[in-house]
Structures are given as structure tokens and as C-alpha cells.
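As provided, entry_12.txt (compact mmCIF, C-alpha atoms) reads as follows.
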# COMPACT_ATOMS: atom_id res chain seq x y z
CA MET A 21 -61.77 90.15 67.46
CA THR A 22 -63.96 88.20 69.87
CA PRO A 23 -62.56 85.14 71.69
CA GLN A 24 -64.76 82.90 69.49
CA GLN A 25 -63.38 84.46 66.32
CA LYS A 26 -59.83 84.06 67.60
CA LEU A 27 -60.50 80.39 68.35
CA GLN A 28 -61.93 79.82 64.87
CA GLN A 29 -58.88 81.53 63.37
CA LEU A 30 -56.62 79.25 65.40
CA ALA A 31 -58.61 76.20 64.33
CA VAL A 32 -57.89 77.01 60.70
CA GLY A 33 -54.25 77.96 61.32
CA LEU A 34 -53.35 74.92 63.43
CA ASN A 35 -55.11 72.20 61.46
CA GLY A 36 -52.43 70.50 59.36
CA ALA A 37 -49.66 72.78 60.64
CA LEU A 38 -46.26 71.20 61.31
CA LEU A 39 -44.33 71.51 64.54
CA ASP A 40 -40.55 72.04 64.47
CA ASN A 41 -40.07 68.31 65.06
CA GLY A 42 -41.99 67.54 61.86
CA LEU A 43 -45.09 66.19 63.60
CA SER A 44 -48.35 67.51 62.23
CA LEU A 45 -51.32 68.91 64.13
CA ALA A 46 -55.02 68.24 63.74
CA SER A 47 -57.55 70.52 65.33
CA GLU A 48 -61.31 70.76 65.62
CA VAL A 49 -63.65 73.03 67.56
CA LEU A 50 -65.83 71.41 70.21
CA ALA A 51 -68.74 73.78 70.81
CA GLY A 52 -69.93 74.39 74.37
CA GLU A 53 -70.57 77.19 76.84
CA VAL A 54 -66.95 78.01 76.17
CA ASP A 55 -65.74 76.62 72.82
CA VAL A 56 -62.71 74.34 73.07
CA LEU A 57 -60.23 73.70 70.29
CA LEU A 58 -59.22 70.05 70.49
CA THR A 59 -55.72 69.76 69.05
CA THR A 60 -53.81 66.54 68.59
CA VAL A 61 -50.17 66.02 67.74
CA GLU A 62 -49.51 63.21 65.25
CA GLN A 63 -48.48 59.97 67.06
CA ARG A 64 -49.36 61.55 70.40
CA GLU A 65 -53.15 61.42 70.14
CA GLU A 66 -53.37 60.00 73.68
CA PHE A 67 -52.41 63.40 75.08
CA PRO A 68 -54.54 65.93 73.21
CA ILE A 69 -54.19 69.64 73.87
CA TYR A 70 -57.30 71.63 74.73
CA ILE A 71 -57.13 75.25 73.68
CA THR A 72 -59.51 77.93 74.90
CA VAL A 73 -59.57 81.66 74.32
CA ASP A 74 -61.17 84.27 76.55
CA GLU A 75 -60.82 88.04 76.87
CA SER A 76 -57.54 87.85 78.73
CA GLN A 77 -55.64 84.75 77.60
CA ILE A 78 -55.21 81.68 75.43
CA LEU A 79 -55.02 78.54 77.56
CA CYS A 80 -53.46 75.30 76.30
CA ILE A 81 -54.14 72.34 78.59
CA THR A 82 -53.08 68.69 78.44
CA TYR A 83 -54.37 66.07 80.86
CA LEU A 84 -51.67 63.96 82.46
CA TRP A 85 -52.98 61.48 85.02
CA THR A 86 -55.74 61.15 87.58
CA GLU A 87 -55.52 61.17 91.35
CA ALA A 88 -56.38 57.47 91.30
CA GLU A 89 -53.12 56.75 89.47
CA VAL A 90 -50.99 58.43 92.13
CA ASP A 91 -49.27 56.29 94.75
CA PRO A 92 -50.88 57.57 98.00
CA ASN A 93 -47.57 57.12 99.86
CA LYS A 94 -45.77 59.40 97.41
CA ARG A 95 -48.52 61.99 96.87
CA ILE A 96 -46.98 64.78 98.97
CA GLU A 97 -43.60 64.16 97.36
CA LEU A 98 -45.24 64.35 93.91
CA LEU A 99 -47.03 67.63 94.73
CA ASP A 100 -43.77 69.06 96.04
CA THR A 101 -41.98 68.01 92.84
CA LEU A 102 -44.69 69.47 90.59
CA LEU A 103 -44.69 72.77 92.46
CA SER A 104 -40.90 72.94 92.39
CA MET A 105 -40.82 72.13 88.68
CA ASN A 106 -43.15 74.99 87.70
CA ILE A 107 -40.37 77.56 87.36
CA PRO A 108 -37.55 75.47 85.80
CA MET A 109 -39.90 73.82 83.28
CA PRO A 110 -39.92 75.92 80.11
CA LEU A 111 -43.22 77.62 79.19
CA SER A 112 -45.53 75.14 80.96
CA SER A 113 -46.89 74.75 84.48
CA PHE A 114 -48.61 71.95 86.39
CA SER A 115 -52.09 72.24 87.81
CA LYS A 116 -55.14 70.21 88.77
CA ILE A 117 -58.67 70.22 87.41
CA GLY A 118 -60.82 68.23 89.77
CA ASN A 119 -59.00 64.96 90.27
CA GLN A 120 -57.05 65.34 87.07
CA TYR A 121 -53.43 66.47 87.01
CA VAL A 122 -52.77 68.73 84.03
CA ILE A 123 -49.96 70.63 82.40
CA PHE A 124 -50.75 73.95 80.76
CA GLY A 125 -49.40 77.05 79.14
CA ALA A 126 -51.05 80.48 79.02
CA LEU A 127 -50.45 82.98 76.23
CA SER A 128 -51.54 86.49 75.45
CA THR A 129 -54.54 86.75 73.14
CA ASN A 130 -52.26 88.76 70.84
CA SER A 131 -49.88 85.82 70.29
CA SER A 132 -48.99 84.96 66.72
CA LEU A 133 -49.59 81.53 65.17
CA GLU A 134 -45.81 80.87 65.33
CA GLU A 135 -45.76 81.58 69.05
CA ILE A 136 -48.73 79.29 69.60
CA LEU A 137 -47.09 76.52 67.55
CA GLU A 138 -43.96 76.83 69.69
CA GLU A 139 -46.10 76.67 72.82
CA LEU A 140 -47.86 73.52 71.59
CA HIS A 141 -44.57 71.87 70.67
CA VAL A 142 -43.05 72.57 74.09
CA LEU A 143 -46.26 71.64 75.92
CA SER A 144 -46.54 68.31 74.11
CA ASP A 145 -42.87 67.50 74.82
CA ASN A 146 -43.23 68.57 78.45
CA ALA A 147 -46.35 66.41 78.86
CA LEU A 148 -44.57 63.27 77.61
CA THR A 149 -41.48 64.04 79.69
CA ALA A 150 -43.62 64.56 82.79
CA VAL A 151 -45.53 61.31 82.29
CA GLU A 152 -42.29 59.40 81.76
CA GLU A 153 -40.09 60.98 84.40
CA LEU A 154 -42.69 61.21 87.15
CA ALA A 155 -43.78 57.58 86.71
CA GLU A 156 -42.19 56.67 90.05
CA TYR A 157 -44.94 58.58 91.88
CA ARG A 158 -47.70 56.62 90.21
CA LEU A 159 -49.04 53.15 90.92
CA MET B 19 -65.12 84.36 101.76
CA GLY B 20 -62.04 85.38 99.78
CA LEU B 21 -61.84 85.14 96.02
CA PHE B 22 -59.41 82.21 96.10
CA THR B 23 -61.62 80.29 98.50
CA LYS B 24 -64.67 80.93 96.32
CA LEU B 25 -62.82 79.81 93.21
CA PHE B 26 -61.56 76.74 94.96
CA THR B 27 -65.13 75.92 96.00
CA ALA B 28 -66.36 76.46 92.46
CA LEU B 29 -63.67 74.22 91.02
CA ARG B 30 -63.50 71.60 93.72
CA GLY B 31 -63.92 68.26 92.11
CA ALA B 32 -67.44 67.27 92.92
CA GLY B 33 -66.93 64.68 90.21
CA THR B 34 -64.03 62.36 90.37
CA GLU B 35 -64.29 60.68 87.00
CA VAL B 36 -63.77 62.12 83.56
CA GLY B 37 -67.02 63.52 82.24
CA GLU B 38 -68.56 64.26 85.63
CA ALA B 39 -69.22 67.87 86.45
CA ILE B 40 -66.24 69.36 88.21
CA VAL B 41 -67.72 72.79 88.63
CA ASP B 42 -69.99 73.42 91.55
CA THR B 43 -72.87 75.16 89.77
CA GLN B 44 -74.16 76.57 93.06
CA ALA B 45 -70.80 78.29 93.67
CA LEU B 46 -70.81 79.55 90.10
CA ARG B 47 -74.32 80.96 90.58
CA ILE B 48 -73.13 82.76 93.72
CA MET B 49 -70.21 84.25 91.82
CA ASP B 50 -72.53 85.38 89.01
CA GLN B 51 -74.84 86.94 91.59
CA GLU B 52 -71.93 88.72 93.25
CA MET B 53 -70.83 90.05 89.91
CA ARG B 54 -74.32 91.38 89.23
CA ASP B 55 -74.35 93.01 92.69
CA ALA B 56 -70.95 94.56 92.04
CA ARG B 57 -72.20 95.95 88.72
CA ARG B 58 -75.26 97.43 90.46
CA HIS B 59 -73.00 99.07 93.07
CA LEU B 60 -70.89 100.42 90.27
CA ASP B 61 -73.92 102.00 88.56
CA GLU B 62 -75.02 103.50 91.88
CA ALA B 63 -71.56 104.86 92.57
CA LYS B 64 -71.43 106.43 89.10
CA GLU B 65 -74.85 108.01 89.61
CA ASN B 66 -73.77 109.37 93.01
CA LEU B 67 -70.60 110.73 91.52
CA ALA B 68 -72.55 112.61 88.87
CA LYS B 69 -74.82 114.12 91.53
CA VAL B 70 -71.97 115.07 93.85
CA MET B 71 -70.00 116.59 90.95
CA ALA B 72 -73.03 118.68 89.94
CA GLU B 73 -73.32 119.94 93.52
CA GLN B 74 -69.57 120.52 93.66
CA ILE B 75 -69.77 122.75 90.59
CA GLY B 76 -72.61 124.72 92.22
CA VAL B 77 -70.54 125.29 95.37
CA GLU B 78 -67.49 126.23 93.31
CA ARG B 79 -69.61 128.82 91.53
CA GLU B 80 -70.83 130.18 94.87
CA VAL B 81 -67.27 130.37 96.26
CA SER B 82 -66.12 132.28 93.24
CA ARG B 83 -69.16 134.62 93.44
CA LEU B 84 -68.44 135.36 97.11
CA LYS B 85 -64.74 136.01 96.38
CA LYS B 86 -65.72 138.51 93.71
CA GLN B 87 -68.15 140.15 96.15
CA VAL B 88 -65.41 140.49 98.77
CA ALA B 89 -63.16 142.18 96.19
CA GLU B 90 -66.02 144.40 95.06
CA TYR B 91 -66.93 145.54 98.60
CA GLU B 92 -63.26 146.03 99.45
CA SER B 93 -63.02 148.48 96.58
CA TYR B 94 -66.14 150.24 97.87
CA ALA B 95 -64.63 150.45 101.36
CA GLN B 96 -61.41 151.89 99.89
CA GLY B 97 -63.54 154.48 98.02
CA ALA B 98 -65.35 155.46 101.22
CA LEU B 99 -62.03 155.77 103.08
CA ASP B 100 -60.62 157.86 100.23
CA LYS B 101 -63.53 160.22 100.63
CA GLY B 102 -63.07 160.29 104.42
CA ASN B 103 -66.44 158.63 104.99
CA GLU B 104 -65.44 156.49 107.97
CA ASN B 105 -69.01 155.51 108.87
CA LEU B 106 -69.78 154.16 105.42
CA ALA B 107 -66.39 152.37 105.39
CA THR B 108 -67.24 150.70 108.71
CA GLU B 109 -70.62 149.62 107.41
CA ILE B 110 -69.03 148.17 104.27
CA ALA B 111 -66.37 146.40 106.38
CA GLY B 112 -69.21 144.77 108.33
CA LYS B 113 -70.74 143.55 105.09
CA ILE B 114 -67.32 142.22 103.94
CA ALA B 115 -66.94 140.29 107.21
CA GLU B 116 -70.38 138.78 106.67
CA ILE B 117 -69.47 137.70 103.11
CA GLU B 118 -66.11 136.32 104.26
CA ASN B 119 -67.81 134.19 106.89
CA GLU B 120 -70.17 132.83 104.25
CA LEU B 121 -67.16 132.27 101.95
CA ALA B 122 -65.32 130.32 104.65
CA ALA B 123 -68.38 128.14 105.21
CA GLN B 124 -68.78 127.48 101.47
CA GLU B 125 -65.07 126.69 101.10
CA LYS B 126 -65.42 124.05 103.81
CA VAL B 127 -68.39 122.57 101.97
CA LEU B 128 -66.38 122.59 98.74
CA GLU B 129 -63.49 120.84 100.45
CA SER B 130 -65.81 118.11 101.63
CA TYR B 131 -67.28 117.76 98.11
CA ASN B 132 -63.77 117.49 96.65
CA SER B 133 -62.84 114.69 99.01
CA ASN B 134 -66.19 112.95 98.34
CA VAL B 135 -65.59 113.12 94.62
CA ASN B 136 -62.11 111.64 95.00
CA MET B 137 -63.42 108.90 97.22
CA LEU B 138 -66.21 108.02 94.81
CA LYS B 139 -63.82 107.97 91.87
CA GLN B 140 -61.54 105.61 93.79
CA THR B 141 -64.48 103.39 94.71
CA ILE B 142 -65.56 103.22 91.08
CA LYS B 143 -62.04 102.35 89.96
CA ASN B 144 -61.75 99.61 92.61
CA THR B 145 -65.19 98.21 91.80
CA GLU B 146 -64.39 98.12 88.09
CA ARG B 147 -61.16 96.29 88.84
CA ASN B 148 -63.01 93.81 91.06
CA ILE B 149 -65.61 93.15 88.42
CA GLN B 150 -62.92 92.55 85.80
CA SER B 151 -61.13 90.19 88.12
CA MET B 152 -64.36 88.32 88.91
CA GLU B 153 -65.22 88.09 85.23
CA ARG B 154 -61.80 86.62 84.54
CA GLN B 155 -62.19 84.09 87.33
CA VAL B 156 -65.68 83.04 86.28
CA SER B 157 -64.41 82.73 82.72
CA VAL B 158 -61.61 80.43 83.90
CA VAL B 159 -64.07 78.32 85.86
CA LYS B 160 -66.37 77.98 82.85
CA THR B 161 -63.37 77.29 80.59
CA THR B 162 -62.20 74.55 82.91
CA GLU B 163 -65.62 72.97 82.84
CA SER B 164 -65.72 73.07 79.04
CA VAL B 165 -62.26 71.54 78.83
CA GLN B 166 -63.40 68.76 81.13
CA LYS B 167 -66.36 68.04 78.85
CA ALA B 168 -64.14 68.23 75.77
CA SER B 169 -61.75 65.78 77.39
CA ALA B 170 -64.52 63.26 77.90
CA ALA B 171 -65.55 63.66 74.26
CA ALA B 172 -61.95 63.36 73.06
CA ALA B 173 -61.27 60.29 75.17
CA THR B 174 -64.15 58.46 73.52
CA LYS B 175 -63.22 59.72 70.08
CA PHE B 176 -59.57 58.74 70.09
CA SER B 177 -59.43 55.58 72.05
CA GLY B 178 -62.83 54.03 72.39
CA SER B 179 -65.15 54.10 75.32
CA ASN B 180 -62.70 52.52 77.75
CA SER B 181 -60.12 55.22 77.30
CA ALA B 182 -61.04 56.86 80.57
CA LEU B 183 -59.69 53.77 82.26
CA ARG B 184 -56.35 53.98 80.49
CA THR B 185 -53.60 55.33 82.70
CA ALA B 186 -51.00 57.90 81.71
CA THR B 187 -48.35 55.19 81.73
CA GLU B 188 -50.39 53.03 79.35
CA SER B 189 -50.95 56.02 77.08
CA LEU B 190 -47.24 56.75 77.03
CA GLU B 191 -46.53 53.10 76.21
CA ARG B 192 -48.94 53.30 73.29
CA ILE B 193 -47.15 56.39 72.00
CA LYS B 194 -43.79 54.66 72.32
CA GLN B 195 -45.17 51.64 70.49
CA LYS B 196 -46.41 53.90 67.70
CA GLN B 197 -43.01 55.56 67.50
CA GLN B 198 -41.30 52.15 67.43
CA GLN B 199 -43.71 50.98 64.77
CA GLN B 200 -42.99 54.01 62.66
CA SER B 201 -39.27 53.57 63.09
CA ASP B 202 -39.62 49.86 62.13
CA GLN B 203 -41.67 50.82 59.10
CA MET B 204 -39.04 53.31 58.01
CA GLN B 205 -36.32 50.72 58.41
CA ALA B 206 -38.37 48.21 56.45
CA ALA B 207 -38.94 50.75 53.70
CA MET B 208 -35.19 51.44 53.53
CA GLN B 209 -34.51 47.72 53.41
CA LEU B 210 -36.97 47.34 50.59
CA GLN B 211 -35.34 50.13 48.65
CA GLN B 212 -31.89 48.62 49.20
CA ASP B 213 -33.12 45.24 48.03
CA GLU B 214 -34.61 46.77 44.93
CA SER B 215 -31.39 48.54 44.06
CA GLY B 216 -29.32 45.41 44.58
CA ASP B 217 -27.61 46.67 47.71
CA GLY B 218 -29.40 44.00 49.67
CA LEU B 219 -27.95 41.16 47.63
CA GLN B 220 -24.44 42.61 47.96
CA ALA B 221 -24.92 42.86 51.70
CA LYS B 222 -26.15 39.25 51.84
CA LEU B 223 -23.17 38.08 49.74
CA LYS B 224 -20.82 39.89 52.06
CA GLU B 225 -22.57 38.44 55.07
CA ALA B 226 -22.18 34.96 53.59
CA GLY B 227 -18.45 35.59 53.05
CA ILE B 228 -18.81 35.27 49.30
CA LEU B 229 -18.04 38.90 48.75
CA THR B 230 -15.22 40.02 50.99
CA SER B 231 -14.64 43.57 50.08
CA ASP B 232 -16.45 46.60 48.71
CA GLY B 233 -13.90 46.82 45.87
CA THR B 234 -10.22 47.56 45.26
CA THR B 235 -8.44 49.42 48.02
CA GLY B 236 -5.05 51.12 48.01
CA ASN B 237 -3.67 48.36 50.20
CA ALA B 238 -4.79 45.66 47.79
CA VAL B 239 -3.13 47.47 44.89
CA LEU B 240 0.11 47.84 46.88
CA GLU B 241 0.04 44.15 47.78
CA ARG B 242 -0.47 43.27 44.12
CA LEU B 243 2.43 45.49 43.03
CA LYS B 244 4.68 44.00 45.70
CA ALA B 245 3.74 40.50 44.54
CA LYS B 246 4.64 41.38 40.93
CA ARG B 247 8.08 42.67 42.01
CA THR B 248 8.91 39.42 43.76
CA GLN B 249 7.88 37.46 40.68
CA VAL B 250 10.26 39.53 38.47
Could you rewrite the structure in this file as C-alpha cells?
Amino acid sequence: MTPQQKLQQLAVGLNGALLDNGLSLASEVLAGEVDVLLTTVEQREEFPIYITVDESQILCITYLWTEAEVDPNKRIELLDTLLSMNIPMPLSSFSKIGNQYVIFGALSTNSSLEEILEELHVLSDNALTAVEELAEYRL
Amino acid sequence: MGLFTKLFTALRGAGTEVGEAIVDTQALRIMDQEMRDARRHLDEAKENLAKVMAEQIGVEREVSRLKKQVAEYESYAQGALDKGNENLATEIAGKIAEIENELAAQEKVLESYNSNVNMLKQTIKNTERNIQSMERQVSVVKTTESVQKASAAAATKFSGSNSALRTATESLERIKQKQQQQSDQMQAAMQLQQDESGDGLQAKLKEAGILTSDGTTGNAVLERLKAKRTQV
């Protein structure tokens, strides 16, 4: 199965699927050089999850905040916290894309739909927790 | 430049706002070029390996032919000695020495071919691994760029054109408001259902002190019985 086919399969499987907390998912493919599956969790549309598939992995990424939102006086402290949190935080890790802070999870391309649903559930929860609990580092 | 440095250059935020290109296309072009070069080296290495292996087989054949010749002439020399023909045996021994020298030389050549073949195989394996790693990295860079574009599209779609200006805190507040709203709606729906079933009126009567209890309790019955006894 090619990465594109896998992404299409996910698009069908995730659209309308329910997470363990009862919230439903909506997903649609945004075509581009690399196709991206835009997935939103009901009531949490502000923090959509971008899913991509390539030969080696499935990436699930959620944007958190921009560099401009970070309190310059607390930036180093924030980076230290994010780096330190990467191991204790279940299934997700922090990263940066350009000036955007993100949280992401990477899965094997052989992952089942159930495993991906669990990943999305945890990622969405982790994203909200991160935005809430790390508010002190932002302006 | 190391791979990490190159990746960092490719990904370094040239753009600072959502929707702006975050991938340095020049760096990406360089990585693509390097990957093409690596693939060309790989093809060359494979071609060389095939040539060297063909030559290696030729030398192996020669070594084995010379070994057989040594054995053959040794048997001739033994035959000459058996027949007491010392002169012929000496002549044959000279020939054997000649072949053995040639054999030694060919064995050295073979040894060098063997080590060349091993080296080339290792090079091919390393190059293949490098290409795979580069492909993965380039794929991640392109993925990241696509996600960035998707994010810009999503931002407009979900929250209007000003969404890029909304902060994470504001987004979280909106989610909390939505959750509160939903919880309020659920409560309202429950209230409505209670009202419809008459529970609401009961609750209001109780609240107004008109209705004091949910019904008869054990204590009330006991009190009543006690009261009757005193009357008797």
C-alpha cells in the first residue's frame, strides 16, 4: 500500500469515528506535494490534527502556539520544560516548525485504526493540557 | 555540512507567519541534488563491483588451474623418481617451482580482489543506507511544509480569516466556552424534561416550603404511632 492509499484509508476510517471520551472526529484530505489529512475533534476544532503518511511513519501534528506568544523572559525556561516533558508525556513529543510550537506523535505505517484513534485521543488531550498548563510562559 | 545542519537549514523558519514558506527551497534543492549524486555513486559502485567480481572469478579459476598443475607435475616427478630418472625429476621440479611462483603471485592478486569486493559491498551498503536516510529526511521536510500549508488552510476554514491572529490561550478559552455551553445545554435539557414530567413543579413547591417532604418516612410513621398511643 502506498502512503497515499494509506492516507485515503485513514480518511475514511477516521471520519465520524468516536474517541474513547465520546467525542467524534471529522477528517478530510488536503491535497498537496504531500497529502495531509486534516482531522478535527468535536468541540476542539481550534486545535486540528494534521496527519501525514510517508514510507516510514505516520505523523500526527497539532499546532500549539507561535514564538510571538512566548514571553521572551521565560523562553529558555519554556524550552527546558518542553524538552524535559518529552519523555514523561505519554505518546506525544514537543517540537517546532518554523516559529510554531507543535506537539506530535509518530506511529508505524502498520498501525491499526484503533491504535491511531488512541494516538489522536492522547494527542488532543495532551495539546489542551499543554496549552493550559504552560500558559505561564506565554504573554 | 552534517545532515542535521542541512535539515535545520532546510527547515529554518524563513517565514514567521502562518502560511509563509518555512522550507528553504534552495536547501531542499541541494538535498535533492545530493541524493541524486549519491544514487549515481551507488550505480557506479554496483557496476565496479560487477567488474571486480568477474575478474575475481577469473583469478580464482587461474589459481585453481595452477594448483591442479602443481599436483599433476608432482605426480610426474614422483614417477620419474620411481623410475630412477633423477635428471627428468629435477627438470620437473624446476617446472613445479615455476608454477608455484606463478600460483603465489595469483593468490596475492586474488586476496586483493577479495578485499576489494568486500570493500565495495560495504560501500554499497553504506550508500544505500545514506540514501534511505536522506529520502526520509527530505520526506519529513516536504511533509512539514505541506502541514504548514494545510494549517493555513484550516485556520481560515475553521475560524475565519483572522484566526491566525488568535493565540493558543484564546483558542483554549473558546473550547472551554463551547464545553460550558454544551454542559449548560445538557442541564437545560434535563430541566426541561423534569418540568415536563412534573418533577419541576414538585421541586418548586418544595423550594417554596409548600411541600416539605418527599413522602412518608419511617420516622413520620413512628411519630404518628406514638401520638396515637398518647391519645389512647
If you count only C-alpha atoms, which residues fall within 8 Å of Lys113 (chain B), apart from same-chain ones fewer than 4 positions away, as a list in words? Tyr91, Glu109 and Ile117 of chain B
Residues of the last selection are to be written out with C-alpha atoms, as a JSON list (two decimals), in the frame of the given file.
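To be explicit, this is the file written out as again_26.json:
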[["chain", "number", "residue", "atom", "x", "y", "z"],
["B", 91, "TYR", "CA", -66.93, 145.54, 98.60],
["B", 109, "GLU", "CA", -70.62, 149.62, 107.41],
["B", 117, "ILE", "CA", -69.47, 137.70, 103.11]]
Give me the residues of chain A that have any atom at most 7 Å from an atom of chain B; for each, the nearest atom pair and the distance in Å, rounded to one decimal. Use all atoms listed in the file, sort by chain and number, and format it as a Markdown table.
| residue | atom | partner | partner_atom | distance |
| --- | --- | --- | --- | --- |
| A:Leu50 | CA | B:Ala168 | CA | 6.6 |
| A:Gly52 | CA | B:Ser164 | CA | 6.4 |
| A:Glu53 | CA | B:Ser164 | CA | 6.7 |
| A:Val54 | CA | B:Thr161 | CA | 5.7 |
| A:Val56 | CA | B:Val165 | CA | 6.4 |
| A:Gln63 | CA | B:Ile193 | CA | 6.2 |
| A:Arg64 | CA | B:Ile193 | CA | 5.8 |
| A:Glu65 | CA | B:Phe176 | CA | 7.0 |
| A:Glu66 | CA | B:Ser189 | CA | 5.8 |
| A:Tyr70 | CA | B:Val165 | CA | 6.4 |
| A:Thr72 | CA | B:Thr161 | CA | 6.9 |
| A:Leu84 | CA | B:Ala186 | CA | 6.1 |
| A:Trp85 | CA | B:Ala186 | CA | 5.3 |
| A:Glu89 | CA | B:Thr185 | CA | 6.9 |
| A:Gly118 | CA | B:Gly31 | CA | 3.9 |
| A:Asn119 | CA | B:Thr34 | CA | 5.7 |
| A:Val151 | CA | B:Ala186 | CA | 6.5 |
Can you tell me which residues surround Leu103 (chain A) at a distance of at most 12 Å, considering all atoms listed in the file, apart from same-chain residues fewer than 6 positions away, and format the answer as a ChimeraX atom specification? /A:96-97,109,112-116,123
With only C-alpha atoms as the counted atoms, please give the residues lying no more than 7 Å from Leu58 (chain A), apart from itself and same-chain residues fewer than 6 positions off, as a PyMOL selection string. chain A and resi 47-50+68-71
Å distance separating CA of His59 (chain B) from CA of Glu146 (chain B), one decimal place: 10.0 Å
Please provide the set of residues having any atom within 9 Å of Asn130 (chain A), restricted to all atoms listed in the file, with same-chain residues fewer than 3 positions apart removed, written as JSON, numbers by chain. {"A": [77, 78, 127]}
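All residues of protein, DNA or RNA that reach within 8 Å of Leu84 (chain B), judged by only C-alpha atoms and not counting those fewer than 3 positions away in the chain, are B:Glu80, B:Val81, B:Gln87, B:Val88, B:Ile117, B:Glu118, B:Glu120, B:Leu121.
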May I ask which of the residues B:Gln249, B:Thr108, B:Ser201, B:Asn237 is the closest one to Tyr94 (chain B), counting only C-alpha atoms? B:Thr108
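Computed from the coordinates, the CA of Thr129 (chain A) to CA of Lys26 (chain A) distance equals 8.1 Å.
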Give, as AutoDock Vina command-line options, the centre coordinates and the x, y and z edge lengths in Å to one decimal for an axis-aligned box around all listed atoms of region 90-103 of chain A, padded by 6 Å on each side.
--center_x -46.5 --center_y 64.5 --center_z 95.2 --size_x 21.0 --size_y 28.5 --size_z 21.3
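Separating CA of Leu137 (chain A) from CA of Gly33 (chain A) is a distance of 9.6 Å.
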